[in-house]
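Undergrad: Before I ask anything, here is the structure I am working with.
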2 protein chains.
Amino acid sequence: MIKTPYLLFLGDAPDALAAKVAQGIKDWRPDNAVGQFRMEGCKADLGLTDMTLAEAKAAGAKTLVIGVANRGGVISKAWKRVLIDALEEGFDLASGLHNLLRDEEDLVAVARSCDRDLHDVRVPEVKYPIANGERRSGKRCLAVGTDCSVGKMYTSLAMDLEAKKRGMKSSFRATGQTGILITGDGVPLDAVVADFMAGSIEWLTPDNDDDHWDMIEGQGSLFHVSYSGVTMALIHGGQPDALILSHEPTRTHMRGLPGYDLPTLEALRDTALPLARIANPDCRVVGISVNTAALGEDEALACLAAIETRMGLPAVDPFRQGAGRLVDALQSL
Amino acid sequence: MIKTPYLLFLGDAPDALAAKVAQGIKDWRPDNAVGQFRMEGCKADLGLTDMTLAEAKAAGAKTLVIGVANRGGVISKAWKRVLIDALEEGFDLASGLHNLLRDEEDLVAVARSCDRDLHDVRVPEVKYPIANGERRSGKRCLAVGTDCSVGKMYTSLAMDLEAKKRGMKSSFRATGQTGILITGDGVPLDAVVADFMAGSIEWLTPDNDDDHWDMIEGQGSLFHVSYSGVTMALIHGGQPDALILSHEPTRTHMRGLPGYDLPTLEALRDTALPLARIANPDCRVVGISVNTAALGEDEALACLAAIETRMGLPAVDPFRQGAGRLVDALQSL
């Protein structure tokens with residue numbers, strides 16, 4: 001568990017996109033973001049207060065989160081100086097970079113001498129159990145996609161926010177590095193050892209109040225041959241009560257797999273639902289989340305209306321329209 | 001890759017069952033088994049020549065394989081003496097034990113000074129790629145089960161043996177520790193990190209002659225919520241041309257999951273085949289392998305006949321009847 005709130009480190013981000021992890025934290029958990037730390041030449045700006053380490057410390061920040069991608073997969077000397085200063089000022093560090101904080105000897109040495117924690121969120125820090133398949137109390141919602149990267153995380157975060165606004169009990173359950181940094185904990189599922197995948201999701205979504213919803217971040221796709229096993233473990237470990245189908249309507253082939261067509265939403269429904277019912281016979285498909293970012297407003301609305309008619313389920317783009325109708329669907333279960 | 005042939009270490013096995021890994025090697029790869037090494041009190045006997053380390057060395061053995069389960073999860077002092085002697089005599093060591101050879105400091109030190117290899121087959125030794133889903137030449141057959149431990153490995157080994165007898169090109173592709181020790185290589189799939197599962201199976205079953213069959217060892221079951229993700233990765237990474245359905249007809253619930261009924265063979269077929277066709281649109285279900293060990297001969301034959309009629313596919317118990325009709329089915333594709 002990463003200590004909150006954070007100071008968001010934007011480093012020398014060459015553009016706003018490079019700081020998308022920090023942007024996600026600011027968008028979804030603004031209370032977690034005390035301020036931003038920018039170095040010379042930084043081209044990203046979240047609109048948060050620029051703070052020194054000392055100012056952020058005084059404002060209550062506990063962890064410096066690297067909210068920016070590094071260039072060339074190397075933690076530069078300039079970054080390193082800030083990270084070491086932060087440890088010495090009393091911050092923990094958290095990172096989703098491919099190269100790990102724990103592999104940097106100088107950071108490890110300073111963290112040890114200052115008694116601070118280094119969190120590499122790509123690496124599991126928990127010994128997960130093997131899944132036991134026992135029914136758990138509480139309710140769970142999982143987004144499953146026709147492909148990878150179609151907006152599953154966004155959908156679950158938007159549903160969680162909407163549910164909380166309505167006074168419902170809800171927790172976003174992160175299963176990837178960005179989600180983990182946003183919320184401060186979760187399971188880096190793609191890095192979990194095969195035998196423990198489903199068990200890690202049972203661990204992540206334990207018994208809860210009968211009226212509590214876990215909004216579980218989806219991963220991969222049953223139709224994406226590189227990652228389908230990960231998706232399967234989410235479906236069986238998560239034992240969802242509700243599935244949201246997620247889709248990007250303009251994609252011409254599966255992400256990274258030029259020879260593979262996207263499945264239809266019907267095929268996704270008819271594949272995912274029987275598999276989900278193995279773990280939870282009461283599971284239902286309740287709605288559809290469509291990422292229409294590539295379409296103009298009229299085209300997007302027409303696309304959503306056509307899908308809604310065809311599938312007989314609420315079809316919304318949570319970015320354009322909010323997740324209200326998807327949460328309505330959960331409430332009507 | 002483990003160097004063959006082997007001297008099979010039976011230690012102080014309390015009974016024959018404790019030495020089932022060694023038995024598997026002797027049954028399926030007799031050419032790999034130069035002899036057996038038994039300690040005082042050993043109650044297992046494979047019927048191989050008892051050899052000292054020196055005798056086995058003289059007979060050409062390259063690796064001492066621990067073919068027996070250890071008691072209490074500890075490598076005893078008595079075992080350790082033999083293992084150290086073996087390293088000093090010039091043997092590599094191979095083990096599928098939960099406690100790893102590489103975690104024993106004395107073994108590591110001796111192996112290093114004698115320039116010998118320690119193979120812990122539960123631990124991946126290869127950096128596997130992420131699956132790319134590209135179609136590969138050659139043919140592949142995968143056994144998928146209604147449950148775990150229903151005879152998938154046995155089925156694939158028996159089909160491989162039968163195919164070779166017929167002069168067909170065939171390779172058994174091991175995906176678990178026993179299979180890896182039997183053949184000397186493979187992928188310990190349950191220990192592979194999630195993102196690389198399907199890629200490890202692509203790596204294991206590469207391009208091959210058009211008339212070559214990979215007989216891929218199955219793992220888990222799509223219907224077993226603890227391990228279904230592993231099965232899914234096998235189906236998509238293996239891109240099988242042929243599926244064999246494997247079943248144990250007397251089981252009352254999924255292994256280790258008292259609340260879960262077994263699926264029917266029809267449900268297995270209707271679930272596995274569409275998923276397999278995502279990676280290989282030509283995939284077909286060609287036969288059924290039934291483990292009838294719990295039935296008498298008449299009952300077994302009646303069970304097989306009933307399944308064959310019901311499913312319209314050859315249904316055999318390869319242990320009772322050999323795998324001939326399953327290989328016929330591959331040849332008729």
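Residues are referred to by chain and number: the chain letter is A, B, ... according to the order shown in the structure tokens, the number counts from 1 in that chain, and ligands are numbered separately from 1 in the order shown.
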Counting only C-alpha atoms, which residues of chain A fall within 9 Å of chain B, and what is the closest atom pair for each with its distance in Å at one decimal, ordered by chain and rising number, as CSV?
TA:
residue,atom,partner,partner_atom,distance
A:Ile130,CA,B:Ser226,CA,6.4
A:Ala131,CA,B:Ser226,CA,4.7
A:Asn132,CA,B:Ser226,CA,6.5
A:Gly133,CA,B:Val225,CA,6.2
A:Glu134,CA,B:Gly259,CA,7.5
A:Leu189,CA,B:Ala194,CA,7.1
A:Asp190,CA,B:Asp195,CA,5.0
A:Ala191,CA,B:Val193,CA,5.5
A:Val192,CA,B:Val193,CA,5.5
A:Val193,CA,B:Val193,CA,4.2
A:Ala194,CA,B:Asp190,CA,5.0
A:Asp195,CA,B:Asp190,CA,5.0
A:Phe196,CA,B:Ser226,CA,7.8
A:Met197,CA,B:Ala194,CA,7.3
A:Ala198,CA,B:Ser226,CA,5.8
A:Gly199,CA,B:Ser226,CA,6.9
A:Leu222,CA,B:Leu275,CA,8.2
A:Phe223,CA,B:Ile278,CA,6.7
A:His224,CA,B:Ile278,CA,8.5
A:Val225,CA,B:His236,CA,5.1
A:Ser226,CA,B:Ala131,CA,4.7
A:Tyr227,CA,B:Asp195,CA,6.3
A:Ser228,CA,B:Met232,CA,6.5
A:Gly229,CA,B:Gly229,CA,4.0
A:Val230,CA,B:Gly229,CA,5.9
A:Thr231,CA,B:Gly229,CA,7.3
A:Met232,CA,B:Gly229,CA,4.9
A:Ala233,CA,B:Gly229,CA,4.8
A:Leu234,CA,B:Gly229,CA,8.4
A:Ile235,CA,B:Val225,CA,8.7
A:His236,CA,B:Val225,CA,5.1
A:Gly237,CA,B:Val225,CA,6.8
A:Gly256,CA,B:Asn132,CA,7.8
A:Leu257,CA,B:Asn132,CA,6.6
A:Gly259,CA,B:Glu134,CA,7.5
A:Tyr260,CA,B:Ile278,CA,8.2
A:Thr271,CA,B:Thr271,CA,8.0
A:Pro274,CA,B:Thr271,CA,8.4
A:Leu275,CA,B:Phe223,CA,7.8
A:Ile278,CA,B:Phe223,CA,6.7
A:Ala279,CA,B:Val225,CA,6.7
Undergrad: Could you jot down the atom CA of Arg277 of chain A to atom CA of Arg140 of chain A separation for me, Å, one decimal place?
TA: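 Going from atom CA of Arg277 of chain A over to atom CA of Arg140 of chain A, I get 13.1 Å.
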Undergrad: So that I can check the surroundings of Ile2 of chain A, please list as a compact mmCIF listing (two decimals) with N, CA and C atoms, in the first residue's frame every protein, DNA and RNA residue that reaches within 8 Å of it, counting only C-alpha atoms and ignoring chain neighbours fewer than 5 positions away.
TA:
# COMPACT_ATOMS: atom_id res chain seq x y z
N THR A 63 4.40 10.56 -0.40
CA THR A 63 5.10 9.77 -1.42
C THR A 63 5.32 10.62 -2.66
N ALA A 94 7.34 6.01 -5.46
CA ALA A 94 6.53 5.01 -6.15
C ALA A 94 6.68 5.20 -7.66
N HIS A 119 8.47 1.76 -3.95
CA HIS A 119 7.38 0.95 -4.51
C HIS A 119 7.52 0.85 -6.02
N LEU A 181 -1.10 3.12 -9.19
CA LEU A 181 -0.58 4.42 -8.76
C LEU A 181 -1.72 5.39 -8.45
N GLY A 184 -3.24 3.78 -5.10
CA GLY A 184 -2.31 3.47 -4.01
C GLY A 184 -2.17 1.99 -3.73
N ASP A 185 -3.05 1.17 -4.29
CA ASP A 185 -2.81 -0.27 -4.19
C ASP A 185 -3.55 -1.03 -5.28
Undergrad: Skip Ser76 of chain B itself and residues of its chain fewer than 4 positions away, then list as a list in words all residues within 12 Å of it, counting only C-alpha atoms.
TA: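 Selected residues are Gly11, Asp12, Ala69, Asn70, Arg71, Gly72, Lys80, Arg81, Val82, Leu83, Asn99 and Glu104 of chain B.
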Undergrad: Write the selection just made, keeping all heavy atoms, as a PDB file, in the first residue's frame?
TA:
ATOM      1  N   GLY B  11      15.975 -42.391  -3.815  1.00  0.00           N
ATOM      2  CA  GLY B  11      16.165 -42.030  -2.407  1.00  0.00           C
ATOM      3  C   GLY B  11      15.655 -43.106  -1.476  1.00  0.00           C
ATOM      4  O   GLY B  11      15.858 -44.309  -1.717  1.00  0.00           O
ATOM      5  N   ASP B  12      14.962 -42.660  -0.444  1.00  0.00           N
ATOM      6  CA  ASP B  12      14.373 -43.580   0.533  1.00  0.00           C
ATOM      7  C   ASP B  12      12.855 -43.562   0.390  1.00  0.00           C
ATOM      8  O   ASP B  12      12.121 -43.476   1.376  1.00  0.00           O
ATOM      9  CB  ASP B  12      14.799 -43.199   1.947  1.00  0.00           C
ATOM     10  CG  ASP B  12      14.684 -41.689   2.198  1.00  0.00           C
ATOM     11  OD1 ASP B  12      14.196 -40.948   1.288  1.00  0.00           O
ATOM     12  OD2 ASP B  12      15.082 -41.235   3.270  1.00  0.00           O
ATOM     13  N   ALA B  69       9.417 -37.852  -4.467  1.00  0.00           N
ATOM     14  CA  ALA B  69       9.010 -36.741  -3.613  1.00  0.00           C
ATOM     15  C   ALA B  69       9.762 -36.819  -2.295  1.00  0.00           C
ATOM     16  O   ALA B  69      10.036 -37.923  -1.802  1.00  0.00           O
ATOM     17  CB  ALA B  69       7.501 -36.794  -3.373  1.00  0.00           C
ATOM     18  N   ASN B  70      10.109 -35.664  -1.746  1.00  0.00           N
ATOM     19  CA  ASN B  70      10.782 -35.690  -0.437  1.00  0.00           C
ATOM     20  C   ASN B  70       9.771 -35.520   0.679  1.00  0.00           C
ATOM     21  O   ASN B  70       8.681 -34.999   0.485  1.00  0.00           O
ATOM     22  CB  ASN B  70      11.877 -34.626  -0.373  1.00  0.00           C
ATOM     23  CG  ASN B  70      11.365 -33.225  -0.689  1.00  0.00           C
ATOM     24  OD1 ASN B  70      10.291 -33.071  -1.262  1.00  0.00           O
ATOM     25  ND2 ASN B  70      12.120 -32.224  -0.324  1.00  0.00           N
ATOM     26  N   ARG B  71      10.134 -36.001   1.848  1.00  0.00           N
ATOM     27  CA  ARG B  71       9.193 -35.940   2.975  1.00  0.00           C
ATOM     28  C   ARG B  71       9.340 -34.607   3.681  1.00  0.00           C
ATOM     29  O   ARG B  71      10.454 -34.166   3.967  1.00  0.00           O
ATOM     30  CB  ARG B  71       9.513 -37.063   3.969  1.00  0.00           C
ATOM     31  CG  ARG B  71       9.532 -38.413   3.316  1.00  0.00           C
ATOM     32  CD  ARG B  71       9.667 -39.514   4.364  1.00  0.00           C
ATOM     33  NE  ARG B  71      10.420 -40.640   3.807  1.00  0.00           N
ATOM     34  CZ  ARG B  71      10.520 -41.832   4.372  1.00  0.00           C
ATOM     35  NH1 ARG B  71       9.914 -42.077   5.515  1.00  0.00           N
ATOM     36  NH2 ARG B  71      11.223 -42.790   3.807  1.00  0.00           N
ATOM     37  N   GLY B  72       8.216 -33.994   3.967  1.00  0.00           N
ATOM     38  CA  GLY B  72       8.229 -32.761   4.758  1.00  0.00           C
ATOM     39  C   GLY B  72       8.848 -31.578   4.037  1.00  0.00           C
ATOM     40  O   GLY B  72       9.159 -30.565   4.656  1.00  0.00           O
ATOM     41  N   LYS B  80      21.404 -35.312   0.726  1.00  0.00           N
ATOM     42  CA  LYS B  80      22.411 -34.308   0.385  1.00  0.00           C
ATOM     43  C   LYS B  80      23.759 -34.945   0.118  1.00  0.00           C
ATOM     44  O   LYS B  80      24.474 -34.553  -0.818  1.00  0.00           O
ATOM     45  CB  LYS B  80      22.493 -33.292   1.530  1.00  0.00           C
ATOM     46  CG  LYS B  80      23.158 -31.981   1.196  1.00  0.00           C
ATOM     47  CD  LYS B  80      22.407 -31.170   0.180  1.00  0.00           C
ATOM     48  CE  LYS B  80      21.326 -30.285   0.729  1.00  0.00           C
ATOM     49  NZ  LYS B  80      21.668 -29.309   1.734  1.00  0.00           N
ATOM     50  N   ARG B  81      24.090 -35.948   0.927  1.00  0.00           N
ATOM     51  CA  ARG B  81      25.389 -36.619   0.713  1.00  0.00           C
ATOM     52  C   ARG B  81      25.455 -37.228  -0.686  1.00  0.00           C
ATOM     53  O   ARG B  81      26.458 -37.105  -1.385  1.00  0.00           O
ATOM     54  CB  ARG B  81      25.617 -37.704   1.785  1.00  0.00           C
ATOM     55  CG  ARG B  81      26.224 -37.164   3.071  1.00  0.00           C
ATOM     56  CD  ARG B  81      26.723 -38.288   3.976  1.00  0.00           C
ATOM     57  NE  ARG B  81      25.622 -39.132   4.458  1.00  0.00           N
ATOM     58  CZ  ARG B  81      24.879 -38.855   5.536  1.00  0.00           C
ATOM     59  NH1 ARG B  81      25.131 -37.768   6.249  1.00  0.00           N
ATOM     60  NH2 ARG B  81      23.909 -39.654   5.902  1.00  0.00           N
ATOM     61  N   VAL B  82      24.371 -37.890  -1.090  1.00  0.00           N
ATOM     62  CA  VAL B  82      24.353 -38.503  -2.423  1.00  0.00           C
ATOM     63  C   VAL B  82      24.429 -37.436  -3.513  1.00  0.00           C
ATOM     64  O   VAL B  82      25.176 -37.569  -4.493  1.00  0.00           O
ATOM     65  CB  VAL B  82      23.075 -39.354  -2.614  1.00  0.00           C
ATOM     66  CG1 VAL B  82      23.037 -39.947  -4.026  1.00  0.00           C
ATOM     67  CG2 VAL B  82      22.984 -40.443  -1.561  1.00  0.00           C
ATOM     68  N   LEU B  83      23.680 -36.362  -3.333  1.00  0.00           N
ATOM     69  CA  LEU B  83      23.649 -35.317  -4.363  1.00  0.00           C
ATOM     70  C   LEU B  83      25.025 -34.666  -4.526  1.00  0.00           C
ATOM     71  O   LEU B  83      25.473 -34.389  -5.646  1.00  0.00           O
ATOM     72  CB  LEU B  83      22.587 -34.258  -4.019  1.00  0.00           C
ATOM     73  CG  LEU B  83      21.149 -34.783  -3.865  1.00  0.00           C
ATOM     74  CD1 LEU B  83      20.176 -33.629  -3.599  1.00  0.00           C
ATOM     75  CD2 LEU B  83      20.697 -35.576  -5.090  1.00  0.00           C
ATOM     76  N   ASN B  99      11.104 -27.348  -2.882  1.00  0.00           N
ATOM     77  CA  ASN B  99      12.302 -26.633  -2.424  1.00  0.00           C
ATOM     78  C   ASN B  99      13.396 -26.848  -3.459  1.00  0.00           C
ATOM     79  O   ASN B  99      13.652 -27.954  -3.924  1.00  0.00           O
ATOM     80  CB  ASN B  99      12.734 -27.015  -1.017  1.00  0.00           C
ATOM     81  CG  ASN B  99      12.563 -28.477  -0.697  1.00  0.00           C
ATOM     82  OD1 ASN B  99      11.838 -29.193  -1.393  1.00  0.00           O
ATOM     83  ND2 ASN B  99      13.241 -28.943   0.316  1.00  0.00           N
ATOM     84  N   GLU B 104      19.928 -24.389  -1.990  1.00  0.00           N
ATOM     85  CA  GLU B 104      20.782 -25.134  -1.049  1.00  0.00           C
ATOM     86  C   GLU B 104      22.225 -24.681  -1.271  1.00  0.00           C
ATOM     87  O   GLU B 104      22.856 -25.028  -2.268  1.00  0.00           O
ATOM     88  CB  GLU B 104      20.657 -26.638  -1.302  1.00  0.00           C
ATOM     89  CG  GLU B 104      19.230 -27.178  -1.210  1.00  0.00           C
ATOM     90  CD  GLU B 104      18.701 -27.189   0.219  1.00  0.00           C
ATOM     91  OE1 GLU B 104      19.487 -27.520   1.132  1.00  0.00           O
ATOM     92  OE2 GLU B 104      17.508 -26.848   0.404  1.00  0.00           O
TER      93      GLU B 104
END
Undergrad: Running DSSP on the backbone, which parts of segment 58-199 of chain A land in strand (DSSP E), as number ranges by chain?
TA: A: 63-66, 92-95, 118-120, 139-145, 169-173
Undergrad: So, counting only C-alpha atoms, which residue among B:Val150, B:Ala19, B:Ala44, B:Met39 is closest to Ala293 of chain B?
TA: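 Selected residue with least distance to Ala293 of chain B: B:Val150.
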Undergrad: Excluding Asp160 of chain A and its own-chain neighbours fewer than 4 positions away, which residues fall within 9 Å of it when counting only C-alpha atoms? Please give them as a list of chain:residue names.
TA: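 The contact residues come out as A:Thr155, A:Ser156, A:Lys164, A:Lys165, A:Lys169, A:Ser170, A:Ser171, A:Phe172, A:Trp213, A:Asp214, A:Met215, A:Ala323, A:Val327.
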Undergrad: In Å, how far is it from atom CA of Thr250 of chain B to atom CA of Asp298 of chain B?
TA: 14.8 Å
Undergrad: Would you mind reading off the distance between atom CA of Leu142 of chain A and atom CA of Glu308 of chain A, one decimal, in Å?
TA: 19.2 Å
Undergrad: With distances taken over only C-alpha atoms, which of B:Arg112, B:Lys3, B:Arg320, B:Lys127 is nearest to Asp92 of chain B?
TA: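 The shortest atom-to-atom distance to Asp92 of chain B comes from B:Lys3.
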Undergrad: Can you list, as a VMD selection string, all residues belonging to segment 18-186 of chain A that DSSP tags as alpha helix (DSSP H)?
TA: chain A and resid 20 to 28 53 to 58 77 to 89 105 to 114 152 to 165 177 to 183
Undergrad: With distances taken over only C-alpha atoms, which residue among B:Ala86, B:Ala78, B:Ala294, B:Met168 lies nearest Ala61 of chain B?
TA: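 Between B:Ala86, B:Ala78, B:Ala294, B:Met168, the residue approaching Ala61 of chain B most closely is B:Ala86.
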Undergrad: Tell me which protein, DNA and RNA residues are within 8 Å of Arg122 of chain B, counting only C-alpha atoms, leaving out same-chain ones fewer than 6 positions away, and put them as a count of residues only.
TA: 7
Undergrad: Do a neighbour search on Ala306 of chain B at 10 Å with only C-alpha atoms, toss out local chain neighbours closer than 6 positions, and write the hits as a PyMOL selection string.
TA: chain B and resi 300+312+315
Undergrad: Looking at A:Pro318, A:Pro240, A:Gly324, A:Gly73, which one is nearest to Cys283 of chain A, with distances taken over only C-alpha atoms?
TA: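 When distances to Cys283 of chain A are compared using only C-alpha atoms, the smallest one comes from A:Pro240.
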